[in-house]
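Peer 1: Encoded as structure tokens, here's the structure I'll be asking about.
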Amino acid sequence: MSRVVAAATASDQGPVRESNQDAVLADGILYAVADGFGVCGEHASRIALEVLAAGFAAAPDRAGLIEAVQQANQQVWDFVTGDGAVSGATLTAVALFGSEHGGPLAVNIGDSPLHLIRDGRMDQLTDDHSVAGELVRAGEITRDEARSHPQRHLLTRALGIGPRIQPDLLDIDCRPGDRLLISTDGLFAAAADAAIVDAAATAGPEAAVRRLVDVANDAGGHDNTTVVVIDIG
């Protein structure tokens, strides 16, 4: 059975942005990041994770997690429509359930990726719900080209852009020695994959999250950067 050996989080505004619209959650077996966008993005991401945490605490199982994500969307939708703003947030959440609850489960909407690091290799487990992400999956552009694509920030799915959402659900095959990395897209905005992999492999989650933020900022820090590193035993 997979279990968390250690975990750490970090969130940084970066040297360019005037505020941090990211939010991060580490609560028991539940870990999540949200990346707000639009004029109310900072509030949208905070609301999303507060509602997610409360909903999951009331029903800490798979169905409860999925319903908590829908509740988070509803609250963000109510907030942004009440304010008349074009805003919302991405959300990627991982619940490290034991085998009695079906094993670890990820829920993703938007472009905050979940990666698995195993034996020095980093693989993205989630799909980016963005125009650029769709083009990558269609084979029309490469992942490197997506980073500078003019439509890289245009999301095709997110919290708060409609009263109901269709998040992706992903069973995670975790093994002892694996490391999970949840991040907002600011980590990958300019930094090279090799630098990210090197930082993500740093011994100890606390040191790893600090190095990951440094890598993003050293590459320009044009966006907020939020990371969660989870070691599995």
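Just remember, in the structure tokens the first chain shown is A, the second B, etc., residues are 1-based per chain, and ligands are 1-based in the order shown.
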Give me, as a count of residues only, all polymer residues having an atom no more than 12 Å from region 99-105 of chain A, counting only C-alpha atoms and skipping those fewer than 2 positions away in the same chain.
Peer 2: 36
Peer 1: Find the spatial neighbours of Ser87 (chain A), counting only C-alpha atoms, within a cut-off of 10 Å - ignore same-chain residues fewer than 2 positions away - and output them as a ChimeraX atom specification.
Peer 2: /A:36-45,76-77,79-81,83-85,89,158-161
Peer 1: Would you mind exporting the chosen residues as a short mmCIF file (atom, residue, chain, number, x, y, z; two decimals), in the first residue's frame, restricted to N, CA and C atoms?
Peer 2:
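Result file follows (out.cif):
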data_model
loop_
_atom_site.label_atom_id
_atom_site.label_comp_id
_atom_site.auth_asym_id
_atom_site.auth_seq_id
_atom_site.Cartn_x
_atom_site.Cartn_y
_atom_site.Cartn_z
N GLY A 36 -5.15 30.80 -10.08
CA GLY A 36 -6.21 31.72 -10.44
C GLY A 36 -5.85 32.56 -11.66
N PHE A 37 -6.88 32.99 -12.37
CA PHE A 37 -6.66 33.87 -13.53
C PHE A 37 -7.77 34.93 -13.56
N GLY A 38 -7.47 36.02 -14.25
CA GLY A 38 -8.43 37.11 -14.32
C GLY A 38 -8.31 38.05 -13.13
N VAL A 39 -9.16 39.06 -13.10
CA VAL A 39 -9.04 40.11 -12.08
C VAL A 39 -9.31 39.59 -10.67
N CYS A 40 -10.06 38.50 -10.56
CA CYS A 40 -10.37 37.93 -9.25
C CYS A 40 -9.67 36.59 -9.04
N GLY A 41 -8.60 36.36 -9.78
CA GLY A 41 -7.92 35.07 -9.73
C GLY A 41 -7.41 34.68 -8.37
N GLU A 42 -6.89 35.65 -7.62
CA GLU A 42 -6.37 35.35 -6.29
C GLU A 42 -7.47 34.83 -5.37
N HIS A 43 -8.66 35.42 -5.47
CA HIS A 43 -9.79 34.97 -4.66
C HIS A 43 -10.32 33.63 -5.16
N ALA A 44 -10.34 33.46 -6.48
CA ALA A 44 -10.87 32.21 -7.05
C ALA A 44 -10.06 31.01 -6.60
N SER A 45 -8.74 31.11 -6.64
CA SER A 45 -7.90 29.97 -6.24
C SER A 45 -8.06 29.69 -4.74
N VAL A 76 -16.73 28.95 -6.93
CA VAL A 76 -15.97 29.88 -7.76
C VAL A 76 -16.89 30.51 -8.81
N TRP A 77 -17.74 29.71 -9.42
CA TRP A 77 -18.70 30.21 -10.41
C TRP A 77 -19.62 31.26 -9.79
N PHE A 79 -19.04 33.11 -7.22
CA PHE A 79 -18.26 34.29 -6.87
C PHE A 79 -17.98 35.16 -8.09
N VAL A 80 -17.49 34.54 -9.17
CA VAL A 80 -17.09 35.35 -10.32
C VAL A 80 -18.30 35.92 -11.05
N THR A 81 -19.40 35.17 -11.12
CA THR A 81 -20.59 35.71 -11.79
C THR A 81 -21.22 36.80 -10.94
N ASP A 83 -19.61 38.82 -9.10
CA ASP A 83 -18.73 39.97 -9.19
C ASP A 83 -18.70 40.55 -10.61
N GLY A 84 -19.25 39.80 -11.55
CA GLY A 84 -19.24 40.25 -12.94
C GLY A 84 -17.87 40.16 -13.60
N ALA A 85 -16.98 39.35 -13.04
CA ALA A 85 -15.61 39.26 -13.54
C ALA A 85 -15.43 38.03 -14.42
N ALA A 89 -10.07 29.47 -11.98
CA ALA A 89 -8.85 28.85 -11.47
C ALA A 89 -8.70 27.46 -12.05
N ALA A 158 -11.66 24.87 -16.91
CA ALA A 158 -11.19 25.45 -15.65
C ALA A 158 -12.36 25.60 -14.70
N LEU A 159 -12.06 25.83 -13.44
CA LEU A 159 -13.10 26.16 -12.47
C LEU A 159 -13.61 27.57 -12.74
N GLY A 160 -14.93 27.73 -12.62
CA GLY A 160 -15.51 29.06 -12.67
C GLY A 160 -15.93 29.55 -14.03
N ILE A 161 -15.75 28.74 -15.09
CA ILE A 161 -16.16 29.20 -16.41
C ILE A 161 -17.51 28.62 -16.82
#
Peer 1: Extract the full set of strand (DSSP E or B) residues from region 20-222 of chain A according to DSSP on the backbone, and format it as a tab-separated table (two decimals) with C-alpha atoms, in the first residue's frame.
Peer 2:
chain	number	residue	atom	x	y	z
A	22	ASP	CA	-1.77	30.59	-6.80
A	23	ALA	CA	-2.99	28.62	-3.80
A	24	VAL	CA	-1.75	25.36	-2.30
A	25	LEU	CA	-3.22	22.72	-0.01
A	26	ALA	CA	-1.64	19.93	2.03
A	27	ASP	CA	-4.23	18.43	4.37
A	30	LEU	CA	-5.14	15.50	0.18
A	31	TYR	CA	-2.72	17.70	-1.78
A	32	ALA	CA	-3.71	20.32	-4.34
A	33	VAL	CA	-2.73	23.44	-6.24
A	34	ALA	CA	-4.96	26.05	-7.85
A	35	ASP	CA	-3.86	28.76	-10.27
A	36	GLY	CA	-6.21	31.72	-10.44
A	37	PHE	CA	-6.66	33.87	-13.53
A	88	GLY	CA	-11.51	31.33	-12.48
A	89	ALA	CA	-8.85	28.85	-11.47
A	90	THR	CA	-7.18	25.65	-12.47
A	91	LEU	CA	-7.22	22.78	-9.99
A	92	THR	CA	-5.13	19.65	-9.65
A	93	ALA	CA	-5.72	17.52	-6.56
A	94	VAL	CA	-4.24	14.22	-5.43
A	95	ALA	CA	-5.78	12.08	-2.70
A	105	LEU	CA	-6.57	9.32	-7.28
A	106	ALA	CA	-5.90	12.60	-9.09
A	107	VAL	CA	-8.51	15.09	-10.26
A	108	ASN	CA	-7.43	17.68	-12.81
A	109	ILE	CA	-8.99	20.63	-14.61
A	114	LEU	CA	0.97	16.40	-12.11
A	115	HIS	CA	4.27	14.61	-12.73
A	116	LEU	CA	5.63	11.27	-11.55
A	117	ILE	CA	9.36	11.05	-10.89
A	118	ARG	CA	10.74	7.52	-10.91
A	121	ARG	CA	12.73	10.11	-15.15
A	122	MET	CA	9.90	12.66	-14.97
A	123	ASP	CA	6.61	11.93	-16.76
A	124	GLN	CA	3.54	14.15	-16.91
A	130	SER	CA	-5.39	24.56	-22.89
A	155	LEU	CA	-7.69	27.39	-21.10
A	159	LEU	CA	-13.10	26.16	-12.47
A	168	ASP	CA	-10.20	14.39	-15.62
A	169	LEU	CA	-9.90	11.52	-13.13
A	170	LEU	CA	-6.66	9.57	-13.00
A	171	ASP	CA	-5.68	6.51	-10.99
A	179	ARG	CA	7.99	11.12	-6.03
A	180	LEU	CA	4.93	13.11	-7.14
A	181	LEU	CA	5.21	16.73	-8.25
A	182	ILE	CA	2.12	18.92	-8.50
A	183	SER	CA	2.74	22.41	-9.81
Peer 1: Determine which residues of region 14-202 of chain A receive a DSSP assignment of helix (DSSP H, G or I), computed from the backbone, and state them as a VMD selection string.
Peer 2: chain A and resid 41 to 58 62 to 83 99 to 101 131 to 137 143 to 147 185 to 188 193 to 200
Peer 1: What gap, in Å, lies between CA of Val86 (chain A) and CA of Gly162 (chain A)?
Peer 2: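 Interatomic distance, CA of Val86 (chain A) to CA of Gly162 (chain A): 11.1 Å.
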Peer 1: Neighbours of Glu206 (chain A) within 12 Å (only C-alpha atoms; same-chain residues fewer than 6 positions away dropped), as a CSV table (one decimal) with N, CA, C and O atoms, in the first residue's frame?
Peer 2:
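Below you can see out.csv, which holds the result:
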chain,number,residue,atom,x,y,z
A,6,ALA,N,7.1,11.7,3.1
A,6,ALA,CA,7.3,13.1,3.4
A,6,ALA,C,6.8,13.9,2.3
A,6,ALA,O,6.6,13.5,1.2
A,7,ALA,N,6.4,15.2,2.6
A,7,ALA,CA,5.9,16.1,1.6
A,7,ALA,C,6.2,17.5,2.0
A,7,ALA,O,6.4,17.8,3.2
A,8,ALA,N,6.2,18.4,1.0
A,8,ALA,CA,6.5,19.8,1.3
A,8,ALA,C,5.8,20.6,0.2
A,8,ALA,O,5.5,20.1,-0.9
A,9,THR,N,5.5,21.9,0.5
A,9,THR,CA,4.9,22.8,-0.5
A,9,THR,C,5.7,24.1,-0.5
A,9,THR,O,6.4,24.5,0.5
A,10,ALA,N,5.6,24.8,-1.6
A,10,ALA,CA,6.1,26.2,-1.7
A,10,ALA,C,5.3,27.0,-2.7
A,10,ALA,O,4.9,26.4,-3.7
A,199,ALA,N,16.2,19.6,-10.2
A,199,ALA,CA,15.7,20.2,-9.0
A,199,ALA,C,14.7,19.3,-8.3
A,199,ALA,O,14.7,19.2,-7.1
A,200,ALA,N,13.9,18.7,-9.1
A,200,ALA,CA,12.8,17.9,-8.5
A,200,ALA,C,13.4,16.6,-7.9
A,200,ALA,O,12.7,16.0,-7.0
A,212,LEU,N,13.0,24.1,-6.8
A,212,LEU,CA,12.1,24.2,-8.0
A,212,LEU,C,11.7,25.7,-8.1
A,212,LEU,O,11.6,26.2,-9.3
A,213,VAL,N,11.4,26.4,-7.0
A,213,VAL,CA,11.0,27.8,-7.1
A,213,VAL,C,12.2,28.6,-7.6
A,213,VAL,O,12.0,29.5,-8.5
A,227,VAL,N,4.5,24.7,-6.0
A,227,VAL,CA,4.8,23.3,-6.1
A,227,VAL,C,4.5,22.5,-4.9
A,227,VAL,O,4.5,23.0,-3.7
A,228,VAL,N,4.2,21.2,-5.1
A,228,VAL,CA,4.0,20.2,-4.0
A,228,VAL,C,4.8,19.0,-4.4
A,228,VAL,O,4.7,18.5,-5.5
A,229,VAL,N,5.7,18.6,-3.5
A,229,VAL,CA,6.5,17.4,-3.7
A,229,VAL,C,6.1,16.4,-2.6
A,229,VAL,O,6.1,16.7,-1.4
A,230,ILE,N,5.8,15.2,-3.1
A,230,ILE,CA,5.3,14.1,-2.2
A,230,ILE,C,6.2,12.9,-2.4
A,230,ILE,O,6.2,12.3,-3.6
A,231,ASP,N,6.8,12.4,-1.4
A,231,ASP,CA,7.6,11.1,-1.5
A,231,ASP,C,6.7,10.0,-1.0
A,231,ASP,O,6.1,10.0,0.0
Peer 1: For Ile196 (chain A), list every protein, DNA or RNA residue within 10 Å, evaluated using only C-alpha atoms, and leave out those in the same chain fewer than 6 positions away; present the list as a list in words.
Peer 2: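 Skipping anything fewer than 6 positions along the chain leaves Met122, Leu187, Phe188, Ala208, Arg211, Leu212, Val213, Asp214, Val215 and Ala216 of chain A.
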Peer 1: Keeping all heavy atoms for every residue in the selection just given, could you write it to a file as a PDB file, in the first residue's frame?
Peer 2:
ATOM      1  N   MET A 122      11.090  11.901 -15.334  1.00  0.00           N
ATOM      2  CA  MET A 122       9.899  12.662 -14.974  1.00  0.00           C
ATOM      3  C   MET A 122       8.873  12.563 -16.094  1.00  0.00           C
ATOM      4  O   MET A 122       9.159  12.916 -17.236  1.00  0.00           O
ATOM      5  CB  MET A 122      10.248  14.132 -14.706  1.00  0.00           C
ATOM      6  CG  MET A 122       9.056  14.960 -14.238  1.00  0.00           C
ATOM      7  SD  MET A 122       9.522  16.650 -13.739  1.00  0.00           S
ATOM      8  CE  MET A 122       9.894  17.356 -15.366  1.00  0.00           C
ATOM      9  N   LEU A 187       5.970  26.959 -13.247  1.00  0.00           N
ATOM     10  CA  LEU A 187       7.226  26.217 -13.136  1.00  0.00           C
ATOM     11  C   LEU A 187       7.807  25.917 -14.506  1.00  0.00           C
ATOM     12  O   LEU A 187       9.027  25.926 -14.696  1.00  0.00           O
ATOM     13  CB  LEU A 187       7.011  24.920 -12.354  1.00  0.00           C
ATOM     14  CG  LEU A 187       8.205  23.972 -12.256  1.00  0.00           C
ATOM     15  CD1 LEU A 187       9.373  24.643 -11.534  1.00  0.00           C
ATOM     16  CD2 LEU A 187       7.810  22.677 -11.536  1.00  0.00           C
ATOM     17  N   PHE A 188       6.935  25.655 -15.473  1.00  0.00           N
ATOM     18  CA  PHE A 188       7.386  25.212 -16.785  1.00  0.00           C
ATOM     19  C   PHE A 188       7.359  26.331 -17.830  1.00  0.00           C
ATOM     20  O   PHE A 188       7.607  26.087 -19.002  1.00  0.00           O
ATOM     21  CB  PHE A 188       6.512  24.047 -17.269  1.00  0.00           C
ATOM     22  CG  PHE A 188       6.684  22.803 -16.451  1.00  0.00           C
ATOM     23  CD1 PHE A 188       5.942  22.609 -15.290  1.00  0.00           C
ATOM     24  CD2 PHE A 188       7.608  21.841 -16.809  1.00  0.00           C
ATOM     25  CE1 PHE A 188       6.108  21.472 -14.515  1.00  0.00           C
ATOM     26  CE2 PHE A 188       7.778  20.692 -16.043  1.00  0.00           C
ATOM     27  CZ  PHE A 188       7.029  20.509 -14.894  1.00  0.00           C
ATOM     28  N   ALA A 208      13.701  20.180  -2.230  1.00  0.00           N
ATOM     29  CA  ALA A 208      13.261  20.110  -3.625  1.00  0.00           C
ATOM     30  C   ALA A 208      12.332  21.265  -3.981  1.00  0.00           C
ATOM     31  O   ALA A 208      12.489  21.886  -5.043  1.00  0.00           O
ATOM     32  CB  ALA A 208      12.575  18.773  -3.893  1.00  0.00           C
ATOM     33  N   ARG A 211      14.303  24.470  -4.386  1.00  0.00           N
ATOM     34  CA  ARG A 211      15.089  24.494  -5.628  1.00  0.00           C
ATOM     35  C   ARG A 211      14.191  24.684  -6.847  1.00  0.00           C
ATOM     36  O   ARG A 211      14.569  25.381  -7.806  1.00  0.00           O
ATOM     37  CB  ARG A 211      15.895  23.206  -5.787  1.00  0.00           C
ATOM     38  CG  ARG A 211      17.182  23.182  -4.973  1.00  0.00           C
ATOM     39  CD  ARG A 211      18.146  22.149  -5.523  1.00  0.00           C
ATOM     40  NE  ARG A 211      18.547  22.439  -6.905  1.00  0.00           N
ATOM     41  CZ  ARG A 211      19.122  21.544  -7.713  1.00  0.00           C
ATOM     42  NH1 ARG A 211      19.345  20.313  -7.293  1.00  0.00           N
ATOM     43  NH2 ARG A 211      19.474  21.883  -8.946  1.00  0.00           N
ATOM     44  N   LEU A 212      13.025  24.093  -6.832  1.00  0.00           N
ATOM     45  CA  LEU A 212      12.109  24.239  -7.968  1.00  0.00           C
ATOM     46  C   LEU A 212      11.668  25.688  -8.138  1.00  0.00           C
ATOM     47  O   LEU A 212      11.606  26.207  -9.254  1.00  0.00           O
ATOM     48  CB  LEU A 212      10.896  23.321  -7.781  1.00  0.00           C
ATOM     49  CG  LEU A 212      11.164  21.831  -8.011  1.00  0.00           C
ATOM     50  CD1 LEU A 212      10.050  20.991  -7.429  1.00  0.00           C
ATOM     51  CD2 LEU A 212      11.337  21.540  -9.507  1.00  0.00           C
ATOM     52  N   VAL A 213      11.353  26.353  -7.031  1.00  0.00           N
ATOM     53  CA  VAL A 213      10.989  27.768  -7.107  1.00  0.00           C
ATOM     54  C   VAL A 213      12.163  28.590  -7.628  1.00  0.00           C
ATOM     55  O   VAL A 213      11.992  29.491  -8.473  1.00  0.00           O
ATOM     56  CB  VAL A 213      10.526  28.281  -5.739  1.00  0.00           C
ATOM     57  CG1 VAL A 213      10.436  29.807  -5.713  1.00  0.00           C
ATOM     58  CG2 VAL A 213       9.168  27.683  -5.366  1.00  0.00           C
ATOM     59  N   ASP A 214      13.368  28.282  -7.162  1.00  0.00           N
ATOM     60  CA  ASP A 214      14.555  29.001  -7.623  1.00  0.00           C
ATOM     61  C   ASP A 214      14.770  28.806  -9.126  1.00  0.00           C
ATOM     62  O   ASP A 214      15.125  29.759  -9.843  1.00  0.00           O
ATOM     63  CB  ASP A 214      15.795  28.525  -6.868  1.00  0.00           C
ATOM     64  CG  ASP A 214      15.833  29.009  -5.426  1.00  0.00           C
ATOM     65  OD1 ASP A 214      15.085  29.957  -5.095  1.00  0.00           O
ATOM     66  OD2 ASP A 214      16.596  28.425  -4.634  1.00  0.00           O
ATOM     67  N   VAL A 215      14.560  27.594  -9.602  1.00  0.00           N
ATOM     68  CA  VAL A 215      14.727  27.311 -11.031  1.00  0.00           C
ATOM     69  C   VAL A 215      13.758  28.156 -11.854  1.00  0.00           C
ATOM     70  O   VAL A 215      14.127  28.739 -12.884  1.00  0.00           O
ATOM     71  CB  VAL A 215      14.529  25.804 -11.313  1.00  0.00           C
ATOM     72  CG1 VAL A 215      14.284  25.553 -12.791  1.00  0.00           C
ATOM     73  CG2 VAL A 215      15.738  25.010 -10.848  1.00  0.00           C
ATOM     74  N   ALA A 216      12.506  28.220 -11.411  1.00  0.00           N
ATOM     75  CA  ALA A 216      11.505  29.015 -12.138  1.00  0.00           C
ATOM     76  C   ALA A 216      11.870  30.492 -12.139  1.00  0.00           C
ATOM     77  O   ALA A 216      11.797  31.166 -13.173  1.00  0.00           O
ATOM     78  CB  ALA A 216      10.129  28.801 -11.523  1.00  0.00           C
TER      79      ALA A 216
END
Peer 1: Here is a test: counting only C-alpha atoms, which residue of A:Ile141, A:Asn73, A:Ser11, A:Pro167 is nearest to Ile47 (chain A)?
Peer 2: A:Asn73
Peer 1: I'd like the contact shell of Gln71 (chain A) - 8 Å cut-off, only C-alpha atoms, skipping same-chain residues fewer than 5 positions apart - returned as a ChimeraX atom specification.
Peer 2: /A:51-52,55
Peer 1: Can those selected residues be exported to a file as a tab-separated table (two decimals), in the first residue's frame so that it contains N, CA and C atoms?
Peer 2:
chain	number	residue	atom	x	y	z
A	51	VAL	N	-12.98	25.35	-0.30
A	51	VAL	CA	-14.18	24.52	-0.50
A	51	VAL	C	-13.78	23.06	-0.72
A	52	LEU	N	-12.72	22.83	-1.48
A	52	LEU	CA	-12.23	21.47	-1.69
A	52	LEU	C	-11.90	20.80	-0.38
A	55	GLY	N	-15.12	20.12	1.70
A	55	GLY	CA	-15.94	19.06	1.13
A	55	GLY	C	-15.32	17.69	1.30
Peer 1: Which residue out of A:Val131, A:Gly177, A:Asn224, A:Ala219 has the minimum interatomic distance to Ala203 (chain A) when only C-alpha atoms are used?
Peer 2: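 Closest candidate: A:Gly177.
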Peer 1: State, in Å with one decimal place, the distance from CA of Asp218 (chain A) to CA of Asp119 (chain A).
Peer 2: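 About the pair CA of Asp218 (chain A) and CA of Asp119 (chain A): they are 25.8 Å apart.
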Peer 1: Expressed in Å to a single decimal, how great is the separation between CA of Ala190 (chain A) and CA of Gly220 (chain A)?
Peer 2: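 So the two atoms, CA of Ala190 (chain A) and CA of Gly220 (chain A), lie 6.9 Å apart.
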Peer 1: Between A:Thr184, A:Thr142, A:Gln75, A:Gln21, single out the one closest to Asp111 (chain A), counting only C-alpha atoms.
Peer 2: A:Thr184
